file start_3.cif (mmCIF, C-alpha atoms and all ligand atoms)
data_run
#
loop_
_atom_site.label_atom_id
_atom_site.label_comp_id
_atom_site.auth_asym_id
_atom_site.auth_seq_id
_atom_site.Cartn_x
_atom_site.Cartn_y
_atom_site.Cartn_z
CA MET N 1 0.00 0.00 0.00
CA GLN N 2 1.25 3.47 -0.92
CA THR N 3 0.09 6.18 1.48
CA ARG N 4 2.71 8.87 0.82
CA GLN N 5 0.97 12.26 1.01
CA LYS N 6 1.15 15.01 -1.58
CA TYR N 7 0.74 18.70 -0.73
CA PHE N 8 -0.25 21.84 -2.52
CA ASN N 9 0.47 25.45 -1.64
CA LEU N 10 -2.58 27.00 -0.03
CA THR N 11 -0.70 30.28 0.30
CA ASN N 12 2.96 31.14 -0.19
CA ASN N 13 3.90 29.66 3.16
CA ILE N 14 1.13 27.16 3.95
CA LYS N 15 1.11 23.67 2.51
CA MET N 16 -2.09 21.61 2.59
CA PRO N 17 -2.04 17.80 2.38
CA MET N 18 -4.13 16.88 -0.66
CA VAL N 19 -5.95 14.03 1.08
CA GLY N 20 -7.89 14.99 4.20
CA PHE N 21 -10.16 12.91 6.42
CA GLY N 22 -13.80 14.07 6.23
CA THR N 23 -15.87 13.85 9.40
CA TYR N 24 -19.42 14.88 8.40
CA LEU N 25 -21.97 12.38 9.82
CA ILE N 26 -19.41 10.97 12.27
CA PRO N 27 -21.00 11.30 15.75
CA ASN N 28 -18.90 13.00 18.44
CA GLU N 29 -18.43 9.72 20.35
CA ASP N 30 -17.07 7.92 17.27
CA ALA N 31 -14.85 10.78 16.12
CA GLN N 32 -11.94 10.08 18.48
CA PRO N 33 -11.26 6.48 17.38
CA LEU N 34 -11.89 7.23 13.69
CA VAL N 35 -9.64 10.31 13.60
CA GLU N 36 -7.02 8.31 15.46
CA GLN N 37 -7.33 5.56 12.87
CA ALA N 38 -7.03 8.12 10.06
CA ILE N 39 -3.84 9.66 11.47
CA ARG N 40 -2.33 6.23 12.08
CA SER N 41 -3.16 5.42 8.42
CA GLY N 42 -1.19 8.44 7.19
CA TYR N 43 -3.75 11.27 7.01
CA ARG N 44 -2.31 14.62 8.10
CA HIS N 45 -5.36 16.74 7.28
CA ILE N 46 -8.66 16.57 9.17
CA ASP N 47 -11.86 18.38 8.13
CA THR N 48 -14.54 19.18 10.70
CA ALA N 49 -17.10 21.95 11.34
CA GLU N 50 -19.00 23.62 14.13
CA ALA N 51 -22.18 22.18 12.54
CA TYR N 52 -20.93 18.57 12.64
CA GLY N 53 -21.12 18.56 16.45
CA ASN N 54 -17.97 16.43 16.66
CA GLU N 55 -15.13 18.94 17.26
CA GLU N 56 -14.51 17.57 20.79
CA GLY N 57 -14.11 14.00 19.54
CA VAL N 58 -12.00 15.18 16.60
CA GLY N 59 -9.72 17.09 18.99
CA LEU N 60 -9.34 14.06 21.26
CA GLY N 61 -8.51 11.89 18.25
CA ILE N 62 -5.83 14.34 17.06
CA LYS N 63 -4.33 14.50 20.54
CA ALA N 64 -4.28 10.74 21.11
CA ALA N 65 -2.95 9.87 17.67
CA SER N 66 -0.30 12.60 17.66
CA ALA N 67 1.08 11.26 20.95
CA ALA N 68 0.94 7.65 19.74
CA VAL N 69 2.48 8.31 16.32
CA GLY N 70 4.92 10.95 17.59
CA ILE N 71 3.91 13.92 15.47
CA SER N 72 3.78 17.57 16.44
CA ARG N 73 0.85 19.98 16.03
CA GLU N 74 2.58 21.56 13.00
CA GLU N 75 2.42 18.25 11.15
CA ILE N 76 -1.40 18.08 11.21
CA PHE N 77 -3.55 20.37 9.08
CA VAL N 78 -6.90 21.05 10.78
CA THR N 79 -9.88 22.72 9.14
CA THR N 80 -13.06 23.78 10.89
CA LYS N 81 -15.99 25.88 9.69
CA LEU N 82 -18.11 28.69 11.01
CA TRP N 83 -21.84 27.96 11.00
CA PRO N 84 -23.03 31.31 9.59
CA GLY N 85 -26.67 31.00 10.71
CA ASN N 86 -29.54 30.85 8.27
CA GLU N 87 -32.57 33.08 8.70
CA ALA N 88 -34.58 30.81 6.38
CA TRP N 89 -34.26 28.09 9.08
CA GLY N 90 -35.13 30.47 11.93
CA GLN N 91 -31.48 30.94 12.94
CA THR N 92 -29.86 34.25 13.85
CA PRO N 93 -27.01 35.03 11.45
CA LYS N 94 -23.66 35.43 13.17
CA THR N 95 -22.31 38.96 13.55
CA TYR N 96 -18.64 40.04 13.61
CA GLU N 97 -18.52 39.44 17.38
CA SER N 98 -20.33 36.09 17.37
CA THR N 99 -18.05 34.89 14.54
CA ILE N 100 -14.98 35.64 16.69
CA ALA N 101 -16.68 33.89 19.62
CA ALA N 102 -17.54 30.87 17.45
CA LEU N 103 -13.90 30.36 16.51
CA GLN N 104 -12.90 30.57 20.18
CA ALA N 105 -15.56 27.94 21.00
CA SER N 106 -14.32 25.68 18.20
CA LEU N 107 -10.70 26.01 19.40
CA ALA N 108 -11.77 25.15 22.96
CA LYS N 109 -13.63 22.04 21.77
CA LEU N 110 -10.74 20.97 19.56
CA GLN N 111 -8.24 21.73 22.37
CA LEU N 112 -6.10 23.65 19.88
CA ASP N 113 -4.50 27.12 19.93
CA TYR N 114 -5.14 27.69 16.23
CA VAL N 115 -6.65 25.98 13.19
CA ASP N 116 -4.89 25.80 9.84
CA LEU N 117 -7.97 26.74 7.84
CA TYR N 118 -11.21 28.41 8.92
CA LEU N 119 -14.09 28.46 6.44
CA ILE N 120 -17.50 30.10 6.29
CA HIS N 121 -19.62 26.96 5.81
CA ALA N 122 -22.15 28.45 3.37
CA PRO N 123 -23.17 31.85 1.97
CA PHE N 124 -26.50 32.00 3.84
CA PRO N 125 -27.00 35.39 5.45
CA GLN N 126 -26.97 37.97 2.71
CA THR N 127 -26.63 40.93 5.05
CA GLN N 128 -23.93 39.46 7.35
CA ARG N 129 -21.72 37.70 4.77
CA LEU N 130 -19.17 40.51 4.57
CA GLU N 131 -19.25 41.09 8.33
CA GLN N 132 -18.46 37.41 8.89
CA TRP N 133 -15.71 37.53 6.28
CA SER N 134 -14.15 40.63 7.94
CA ALA N 135 -14.02 38.67 11.21
CA LEU N 136 -12.16 35.82 9.48
CA VAL N 137 -9.70 38.32 7.99
CA ASP N 138 -9.01 39.70 11.48
CA LEU N 139 -8.69 36.21 12.99
CA GLN N 140 -6.07 35.40 10.37
CA GLN N 141 -4.18 38.60 11.17
CA GLN N 142 -4.27 37.67 14.86
CA GLY N 143 -2.76 34.24 14.06
CA LYS N 144 -5.73 32.28 15.44
CA VAL N 145 -6.26 30.75 12.02
CA ARG N 146 -3.47 30.30 9.49
CA ALA N 147 -5.60 30.46 6.35
CA ILE N 148 -9.18 31.51 5.67
CA GLY N 149 -11.72 30.49 3.11
CA VAL N 150 -15.30 29.84 2.19
CA SER N 151 -17.44 26.87 1.28
CA ASN N 152 -20.33 26.55 -1.15
CA PHE N 153 -19.65 30.09 -2.41
CA ASN N 154 -20.21 30.85 -6.08
CA GLN N 155 -18.58 33.48 -8.26
CA THR N 156 -21.09 36.19 -7.22
CA HIS N 157 -20.41 35.61 -3.52
CA ILE N 158 -16.67 35.90 -4.08
CA GLU N 159 -17.01 38.99 -6.26
CA GLU N 160 -18.92 40.59 -3.37
CA ILE N 161 -15.80 40.18 -1.20
CA LYS N 162 -13.62 41.65 -3.95
CA THR N 163 -15.92 44.63 -4.47
CA ALA N 164 -15.81 45.36 -0.73
CA GLY N 165 -12.01 45.62 -1.02
CA LEU N 166 -11.41 42.71 1.37
CA PRO N 167 -8.75 40.03 0.83
CA LEU N 168 -9.99 37.10 -1.27
CA PRO N 169 -10.38 33.64 0.31
CA ASN N 170 -7.41 31.27 0.27
CA ALA N 171 -9.74 28.35 -0.55
CA ASN N 172 -13.30 27.40 -1.51
CA GLN N 173 -14.61 23.98 -0.42
CA ILE N 174 -17.25 22.78 -2.89
CA GLU N 175 -19.00 19.60 -4.02
CA LEU N 176 -16.99 18.24 -6.95
CA HIS N 177 -17.04 14.82 -8.56
CA PRO N 178 -17.57 13.48 -12.10
CA TRP N 179 -21.32 14.19 -11.90
CA SER N 180 -20.85 17.77 -10.65
CA GLN N 181 -17.75 19.32 -12.23
CA LYS N 182 -18.69 23.05 -12.14
CA PRO N 183 -16.27 24.05 -14.94
CA ALA N 184 -17.09 27.79 -14.86
CA LEU N 185 -16.62 28.09 -11.10
CA VAL N 186 -13.44 25.97 -11.20
CA SER N 187 -11.99 28.15 -13.94
CA TYR N 188 -12.90 31.34 -12.02
CA LEU N 189 -11.33 30.05 -8.77
CA THR N 190 -8.19 28.96 -10.62
CA LYS N 191 -7.79 32.41 -12.20
CA LYS N 192 -8.20 34.05 -8.79
CA ASP N 193 -5.64 31.68 -7.25
CA ILE N 194 -8.23 30.34 -4.78
CA SER N 195 -7.40 26.72 -3.88
CA ILE N 196 -10.14 24.19 -4.49
CA ILE N 197 -11.11 21.59 -1.91
CA ALA N 198 -13.51 18.95 -3.23
CA TYR N 199 -16.11 17.39 -0.99
CA SER N 200 -18.46 14.42 -1.49
CA SER N 201 -16.09 12.94 -4.10
CA LEU N 202 -17.79 9.55 -3.72
CA VAL N 203 -21.34 10.59 -4.75
CA PRO N 204 -21.31 8.39 -7.92
CA LEU N 205 -20.94 5.21 -5.82
CA SER N 206 -24.28 3.38 -5.71
CA THR N 207 -23.74 2.90 -1.95
CA TRP N 208 -22.80 6.55 -1.13
CA ARG N 209 -24.43 7.56 2.20
CA ASP N 210 -26.81 4.62 1.99
CA VAL N 211 -27.38 4.38 5.74
CA GLU N 212 -30.92 5.41 6.80
CA GLY N 213 -31.15 9.10 7.74
CA GLN N 214 -28.01 10.32 5.88
CA GLY N 215 -30.08 12.65 3.71
CA SER N 216 -29.07 14.08 0.35
CA ALA N 217 -30.73 15.00 -2.92
CA LYS N 218 -29.36 11.91 -4.65
CA THR N 219 -32.10 10.18 -6.60
CA ALA N 220 -32.93 6.47 -6.89
CA GLN N 221 -31.96 6.76 -10.55
CA MET N 222 -28.48 8.03 -9.58
CA LYS N 223 -28.03 5.09 -7.19
CA ALA N 224 -29.08 2.69 -9.95
CA ASP N 225 -26.66 4.36 -12.38
CA GLY N 226 -23.71 3.36 -10.25
CA ALA N 227 -24.89 -0.16 -9.46
CA GLY N 228 -24.42 -2.19 -12.66
CA ALA N 229 -21.35 -4.31 -13.37
CA ASP N 230 -20.59 -2.10 -16.39
CA SER N 231 -20.70 1.21 -14.49
CA PRO N 232 -17.81 3.26 -15.95
CA PHE N 233 -16.11 3.58 -12.56
CA LYS N 234 -16.30 -0.18 -11.95
CA LEU N 235 -14.64 -0.75 -15.33
CA MET N 236 -11.91 1.81 -14.58
CA ALA N 237 -11.37 0.35 -11.11
CA LYS N 238 -10.80 -3.05 -12.70
CA LYS N 239 -8.43 -1.59 -15.29
CA TYR N 240 -6.25 0.17 -12.68
CA GLY N 241 -6.53 -2.61 -10.06
CA VAL N 242 -8.04 -0.30 -7.43
CA SER N 243 -11.52 0.36 -6.00
CA GLU N 244 -14.17 2.65 -7.53
CA ALA N 245 -13.70 4.98 -4.57
CA GLN N 246 -9.98 5.28 -5.35
CA VAL N 247 -10.77 6.14 -8.99
CA LEU N 248 -13.17 8.91 -7.90
CA LEU N 249 -10.69 10.34 -5.37
CA ARG N 250 -7.77 10.09 -7.81
CA TRP N 251 -9.82 12.05 -10.37
CA GLY N 252 -10.05 14.91 -7.86
CA ILE N 253 -6.30 14.77 -7.20
CA GLN N 254 -5.50 14.82 -10.94
CA LYS N 255 -7.77 17.85 -11.36
CA GLY N 256 -5.62 19.58 -8.72
CA TYR N 257 -8.17 19.50 -5.89
CA ALA N 258 -7.71 18.44 -2.29
CA VAL N 259 -10.14 15.61 -1.44
CA LEU N 260 -11.78 14.74 1.89
CA PRO N 261 -12.98 11.11 1.94
CA LYS N 262 -15.09 10.20 4.97
CA SER N 263 -15.39 6.63 6.14
CA ALA N 264 -16.35 4.89 9.34
CA SER N 265 -14.47 1.72 8.29
CA ALA N 266 -10.79 1.19 9.11
CA GLU N 267 -10.20 -0.69 5.87
CA ARG N 268 -11.77 2.06 3.73
CA ILE N 269 -9.92 4.78 5.65
CA ARG N 270 -6.66 3.05 4.67
CA GLN N 271 -7.78 2.48 1.08
CA ASN N 272 -8.95 6.09 0.52
CA ILE N 273 -5.51 7.60 1.12
CA ASP N 274 -3.81 5.13 -1.22
CA LEU N 275 -4.07 7.36 -4.29
CA PHE N 276 -0.53 7.87 -5.52
CA SER N 277 0.40 4.47 -6.92
CA PHE N 278 -1.73 4.72 -10.10
CA GLU N 279 -2.79 7.35 -12.61
CA ILE N 280 -6.01 7.74 -14.61
CA ASP N 281 -4.99 7.96 -18.26
CA ASP N 282 -5.92 10.83 -20.59
CA ALA N 283 -8.65 8.87 -22.40
CA ASP N 284 -10.40 8.03 -19.12
CA MET N 285 -10.01 11.63 -17.85
CA ALA N 286 -11.68 12.79 -21.10
CA ALA N 287 -14.46 10.19 -20.70
CA ILE N 288 -15.09 11.42 -17.15
CA GLU N 289 -15.21 15.03 -18.33
CA ALA N 290 -18.21 14.11 -20.49
CA MET N 291 -20.13 12.78 -17.44
CA ASP N 292 -20.93 16.15 -15.87
CA ARG N 293 -24.60 16.42 -14.82
CA GLY N 294 -24.49 19.89 -13.30
CA GLU N 295 -25.34 20.78 -9.73
CA GLY N 296 -24.39 18.70 -6.71
CA VAL N 297 -26.52 16.56 -4.41
CA ALA N 298 -24.77 16.46 -1.03
CA TRP N 299 -27.02 19.00 0.65
CA SER N 300 -30.53 17.60 0.87
CA SER N 301 -32.14 20.10 -1.49
CA GLY N 302 -29.16 19.98 -3.84
CA ASP N 303 -28.82 23.74 -3.52
CA PRO N 304 -26.67 24.90 -0.58
CA THR N 305 -28.43 28.24 -0.47
CA LYS N 306 -31.74 26.45 0.25
CA ALA N 307 -30.38 23.26 1.75
CA GLY N 308 -31.83 21.20 4.56
N1 LIG N 401 -18.50 22.14 3.13
C1 LIG N 401 -19.58 21.41 2.98
O1 LIG N 401 -20.71 21.92 2.82
C2 LIG N 401 -19.45 19.92 2.98
C3 LIG N 401 -20.54 19.13 2.58
C4 LIG N 401 -20.36 17.74 2.56
C5 LIG N 401 -19.14 17.19 2.94
N2 LIG N 401 -18.10 17.98 3.37
C6 LIG N 401 -16.81 17.42 3.84
O2 LIG N 401 -16.35 16.47 2.90
C7 LIG N 401 -16.27 15.18 3.52
C8 LIG N 401 -16.59 14.09 2.51
O3 LIG N 401 -17.88 14.22 1.98
P1 LIG N 401 -19.09 13.24 2.36
O4 LIG N 401 -18.94 12.85 3.79
O5 LIG N 401 -20.30 13.88 1.88
O6 LIG N 401 -18.92 11.99 1.45
P2 LIG N 401 -17.78 11.07 0.77
O7 LIG N 401 -16.51 11.06 1.52
O8 LIG N 401 -17.78 11.46 -0.65
O9 LIG N 401 -18.47 9.65 0.90
C9 LIG N 401 -18.78 9.04 2.12
C10 LIG N 401 -19.65 7.81 1.82
O10 LIG N 401 -18.91 6.89 1.02
C11 LIG N 401 -18.69 5.67 1.75
N3 LIG N 401 -17.30 5.25 1.50
C12 LIG N 401 -16.17 5.84 1.96
N4 LIG N 401 -15.07 5.21 1.49
C13 LIG N 401 -15.52 4.20 0.71
C14 LIG N 401 -14.87 3.18 -0.04
N5 LIG N 401 -13.54 3.10 -0.11
N6 LIG N 401 -15.65 2.29 -0.72
C15 LIG N 401 -17.00 2.37 -0.69
N7 LIG N 401 -17.68 3.32 0.02
C16 LIG N 401 -16.94 4.22 0.72
C17 LIG N 401 -18.97 6.02 3.20
O11 LIG N 401 -19.45 4.91 3.91
P3 LIG N 401 -18.68 4.35 5.23
O12 LIG N 401 -18.54 5.50 6.19
O13 LIG N 401 -19.60 3.29 5.70
O14 LIG N 401 -17.35 3.82 4.74
C18 LIG N 401 -20.09 7.06 3.04
O15 LIG N 401 -21.33 6.44 2.74
C19 LIG N 401 -17.26 15.29 4.69
O16 LIG N 401 -17.07 14.27 5.64
C20 LIG N 401 -16.97 16.68 5.17
O17 LIG N 401 -15.77 16.71 5.93
C21 LIG N 401 -18.25 19.34 3.36
#
call {"tool": "encode", "arguments": {"input": "start_3.cif", "output": "structure tokens", "more": "lines below"}}
Ligand SMILES: NC(=O)c1ccc[n+]([C@@H]2O[C@H](COP(=O)([O-])OP(=O)(O)OC[C@H]3O[C@@H](n4cnc5c(N)ncnc54)[C@H](OP(=O)(O)O)[C@@H]3O)[C@@H](O)[C@H]2O)c1
result
Amino acid sequence: MQTRQKYFNLTNNIKMPMVGFGTYLIPNEDAQPLVEQAIRSGYRHIDTAEAYGNEEGVGLGIKAASAAVGISREEIFVTTKLWPGNEAWGQTPKTYESTIAALQASLAKLQLDYVDLYLIHAPFPQTQRLEQWSALVDLQQQGKVRAIGVSNFNQTHIEEIKTAGLPLPNANQIELHPWSQKPALVSYLTKKDISIIAYSSLVPLSTWRDVEGQGSAKTAQMKADGAGADSPFKLMAKKYGVSEAQVLLRWGIQKGYAVLPKSASAERIRQNIDLFSFEIDDADMAAIEAMDRGEGVAWSSGDPTKAG
């Protein structure tokens, strides 16, 4: 098994490991052993969020594994996300002050002095978006977060930041996989030098989030599309001698994105970081490019600005 990590430059002086461990839908009580397992398997990048309710468990896992494996804080890249509040769901949008307080609360739960990347989880509150972003800019200047970014933002949301004369995000975390390739947004982010972090890379698997209650906007037809023996990813997996999940994750890596596979299985955790011992050839990359179906499905309505 080949688990050597690759990095890309998030900013001039911050390197981000390209494979991170995703923790959405991992309950707080399971987060410690699974994060520990991930770090022991070679992951050096962990992705969590205020909204996942598992920052305490994630922090305990980082602490336990770092001691066991003998790595320092600087060797682990930790991302967490601000829950911005969504008026449409009856929530109060966070202000400048409550954004600063939210980061402090996340750091306390994680038992860390700083995070490597702090993201605004989604562009919900129209009136407070810039206020929240200004707070992230100040937190970065204070050294409480090394890099700052956004998630689920489109070009208009990012242009709003530019028009306000504020620094642009270092990264945008978005749903990206062969069925949702977002070429216009990807090209815009690339031109603006905003690093791209792909989430929900495994959507095309017929078994993706198939446990009861793990809601998404994925349709029965989409599940059926991935199930047959001649599904294109099954055929590619066979050709390269890897799993379908590895093909989907490797596609993200070859596109230049960081990827964040989540798994609750030790075997899959190990498999999902083993992405550097094979390469998808040009013909298969071109075939995948033709599979784009448009918008993503990870949020239950399929549209993060209206998601449930
Ligand atoms: N910013 C955002 O709005 C946002 C939204 C969604 C996700 N994210 C981040 O991105 C991470 C990844 O996205 P995700 O959790 O939606 O989904 P994902 O990592 O694309 O897929 C997870 C699903 O695939 C299964 N799986 C994992 N490895 C597998 C393998 N090798 N073979 C077969 N099945 C496998 C998992 O089941 P098992 O657990 O049973 O293995 C689970 O059902 C999240 O955990 C989170 O950190 C961010």
call {"tool": "atom_distance", "arguments": {"input": "start_3.cif", "atom1": "atom P1 of ligand LIG 401 (chain N)", "atom2": "CA of Met236 (chain N)"}}
result
21.7 Å
call {"tool": "closest_residue", "arguments": {"input": "start_3.cif", "among": "N:Trp89, N:Trp179, N:Tyr257, N:Trp133", "to": "Lys218 (chain N)", "atoms": "all atoms listed in the file"}}
result
N:Trp179
call {"tool": "closest_atom_pairs", "arguments": {"input": "start_3.cif", "of": "chain N", "to": "ligand LIG 401 (chain N)", "cutoff": "6 Å", "atoms": "all atoms listed in the file", "output": "tab-separated table"}}
result
residue	atom	partner	partner_atom	distance
N:Gly22	CA	N:LIG401	O17	3.3
N:Thr23	CA	N:LIG401	O16	4.0
N:Tyr24	CA	N:LIG401	O16	3.7
N:Asp47	CA	N:LIG401	O17	4.8
N:Thr48	CA	N:LIG401	O17	5.5
N:His121	CA	N:LIG401	N1	5.6
N:Ser151	CA	N:LIG401	N1	5.2
N:Gln173	CA	N:LIG401	N1	5.6
N:Tyr199	CA	N:LIG401	O2	4.0
N:Ser200	CA	N:LIG401	O8	3.2
N:Ser201	CA	N:LIG401	O8	4.1
N:Leu202	CA	N:LIG401	O8	3.6
N:Val203	CA	N:LIG401	O8	5.5
N:Trp208	CA	N:LIG401	O15	4.1
N:Arg209	CA	N:LIG401	O15	3.3
N:Asp210	CA	N:LIG401	O15	5.8
N:Ala245	CA	N:LIG401	N5	4.8
N:Leu260	CA	N:LIG401	C7	4.8
N:Pro261	CA	N:LIG401	O7	3.6
N:Lys262	CA	N:LIG401	O7	3.8
N:Ser263	CA	N:LIG401	O12	3.3
N:Ala264	CA	N:LIG401	O12	3.9
N:Ser265	CA	N:LIG401	O14	5.0
N:Arg268	CA	N:LIG401	N5	4.4
N:Gln271	CA	N:LIG401	N5	5.9
N:Asn272	CA	N:LIG401	N5	5.5
N:Ala298	CA	N:LIG401	C4	5.8
call {"tool": "residues_around", "arguments": {"input": "start_3.cif", "residues": "Asp284 (chain N)", "least_positions_apart": "2", "cutoff": "12 Å", "atoms": "only C-alpha atoms", "output": "PyMOL selection string"}}
result
chain N and resi 178+232-233+235-237+239-240+247-248+250-251+254+279-282+286-291
call {"tool": "residues_near_point", "arguments": {"input": "start_3.cif", "point": "(-22.6, 1.4, -4.9)", "cutoff": "6 Å", "atoms": "only C-alpha atoms", "output": "list in words"}}
result
Leu205, Ser206, Thr207, Gly226 and Ala227 of chain N
call {"tool": "closest_residue", "arguments": {"input": "start_3.cif", "among": "N:Val242, N:Val137, N:Ala31, N:Val259", "to": "Ser195 (chain N)", "atoms": "only C-alpha atoms"}}
result
N:Val259
call {"tool": "closest_residue", "arguments": {"input": "start_3.cif", "among": "N:Gly241, N:Pro169, N:Gly296, N:Pro27", "to": "Leu130 (chain N)", "atoms": "all atoms listed in the file"}}
result
N:Pro169
call {"tool": "residues_near_point", "arguments": {"input": "start_3.cif", "point": "(-11.1, 23.8, 22.4)", "cutoff": "12 Å", "atoms": "only C-alpha atoms", "output": "number ranges by chain"}}
result
N: 50, 54-60, 63, 80, 101-115
call {"tool": "atom_distance", "arguments": {"input": "start_3.cif", "atom1": "CA of Lys191 (chain N)", "atom2": "CA of Leu117 (chain N)"}}
result
20.8 Å
call {"tool": "atom_distance", "arguments": {"input": "start_3.cif", "atom1": "CA of Arg146 (chain N)", "atom2": "CA of Phe8 (chain N)"}}
result
15.0 Å
call {"tool": "axis_aligned_box", "arguments": {"input": "start_3.cif", "around": "region 106-123 of chain N", "padding_each_side": "6 Å", "output": "lines of an AutoDock Vina configuration file"}}
result
center_x = -13.8
center_y = 26.4
center_z = 12.5
size_x = 30.7
size_y = 22.9
size_z = 33.0
call {"tool": "closest_residue", "arguments": {"input": "start_3.cif", "among": "N:Asn86, N:Thr11, N:Thr156, N:Ser66", "to": "Ala38 (chain N)", "atoms": "only C-alpha atoms"}}
result
N:Ser66
call {"tool": "closest_residue", "arguments": {"input": "start_3.cif", "among": "N:Gln91, N:Ile148, N:Gly53, N:Pro123", "to": "Ile14 (chain N)", "atoms": "all atoms listed in the file"}}
result
N:Ile148
call {"tool": "residues_around", "arguments": {"input": "start_3.cif", "residues": "His45 (chain N)", "least_positions_apart": "5", "cutoff": "7 Å", "atoms": "all atoms listed in the file", "output": "ChimeraX atom specification"}}
result
/N:17,19-21,76-78
call {"tool": "residues_around", "arguments": {"input": "start_3.cif", "residues": "Tyr188 (chain N)", "least_positions_apart": "6", "cutoff": "12 Å", "atoms": "all atoms listed in the file", "output": "mmCIF file with C-alpha atoms, in the coordinates of the input"}}
result
data_model
loop_
_atom_site.group_PDB
_atom_site.id
_atom_site.type_symbol
_atom_site.label_atom_id
_atom_site.label_comp_id
_atom_site.auth_asym_id
_atom_site.auth_seq_id
_atom_site.Cartn_x
_atom_site.Cartn_y
_atom_site.Cartn_z
ATOM 1 C CA PHE N 153 -19.650 30.090 -2.410
ATOM 2 C CA ASN N 154 -20.210 30.850 -6.080
ATOM 3 C CA GLN N 155 -18.580 33.480 -8.260
ATOM 4 C CA THR N 156 -21.090 36.190 -7.220
ATOM 5 C CA ILE N 158 -16.670 35.900 -4.080
ATOM 6 C CA GLU N 159 -17.010 38.990 -6.260
ATOM 7 C CA ASN N 172 -13.300 27.400 -1.510
ATOM 8 C CA LYS N 182 -18.690 23.050 -12.140
ATOM 9 C CA ILE N 194 -8.230 30.340 -4.780
ATOM 10 C CA SER N 195 -7.400 26.720 -3.880
ATOM 11 C CA ILE N 196 -10.140 24.190 -4.490
#
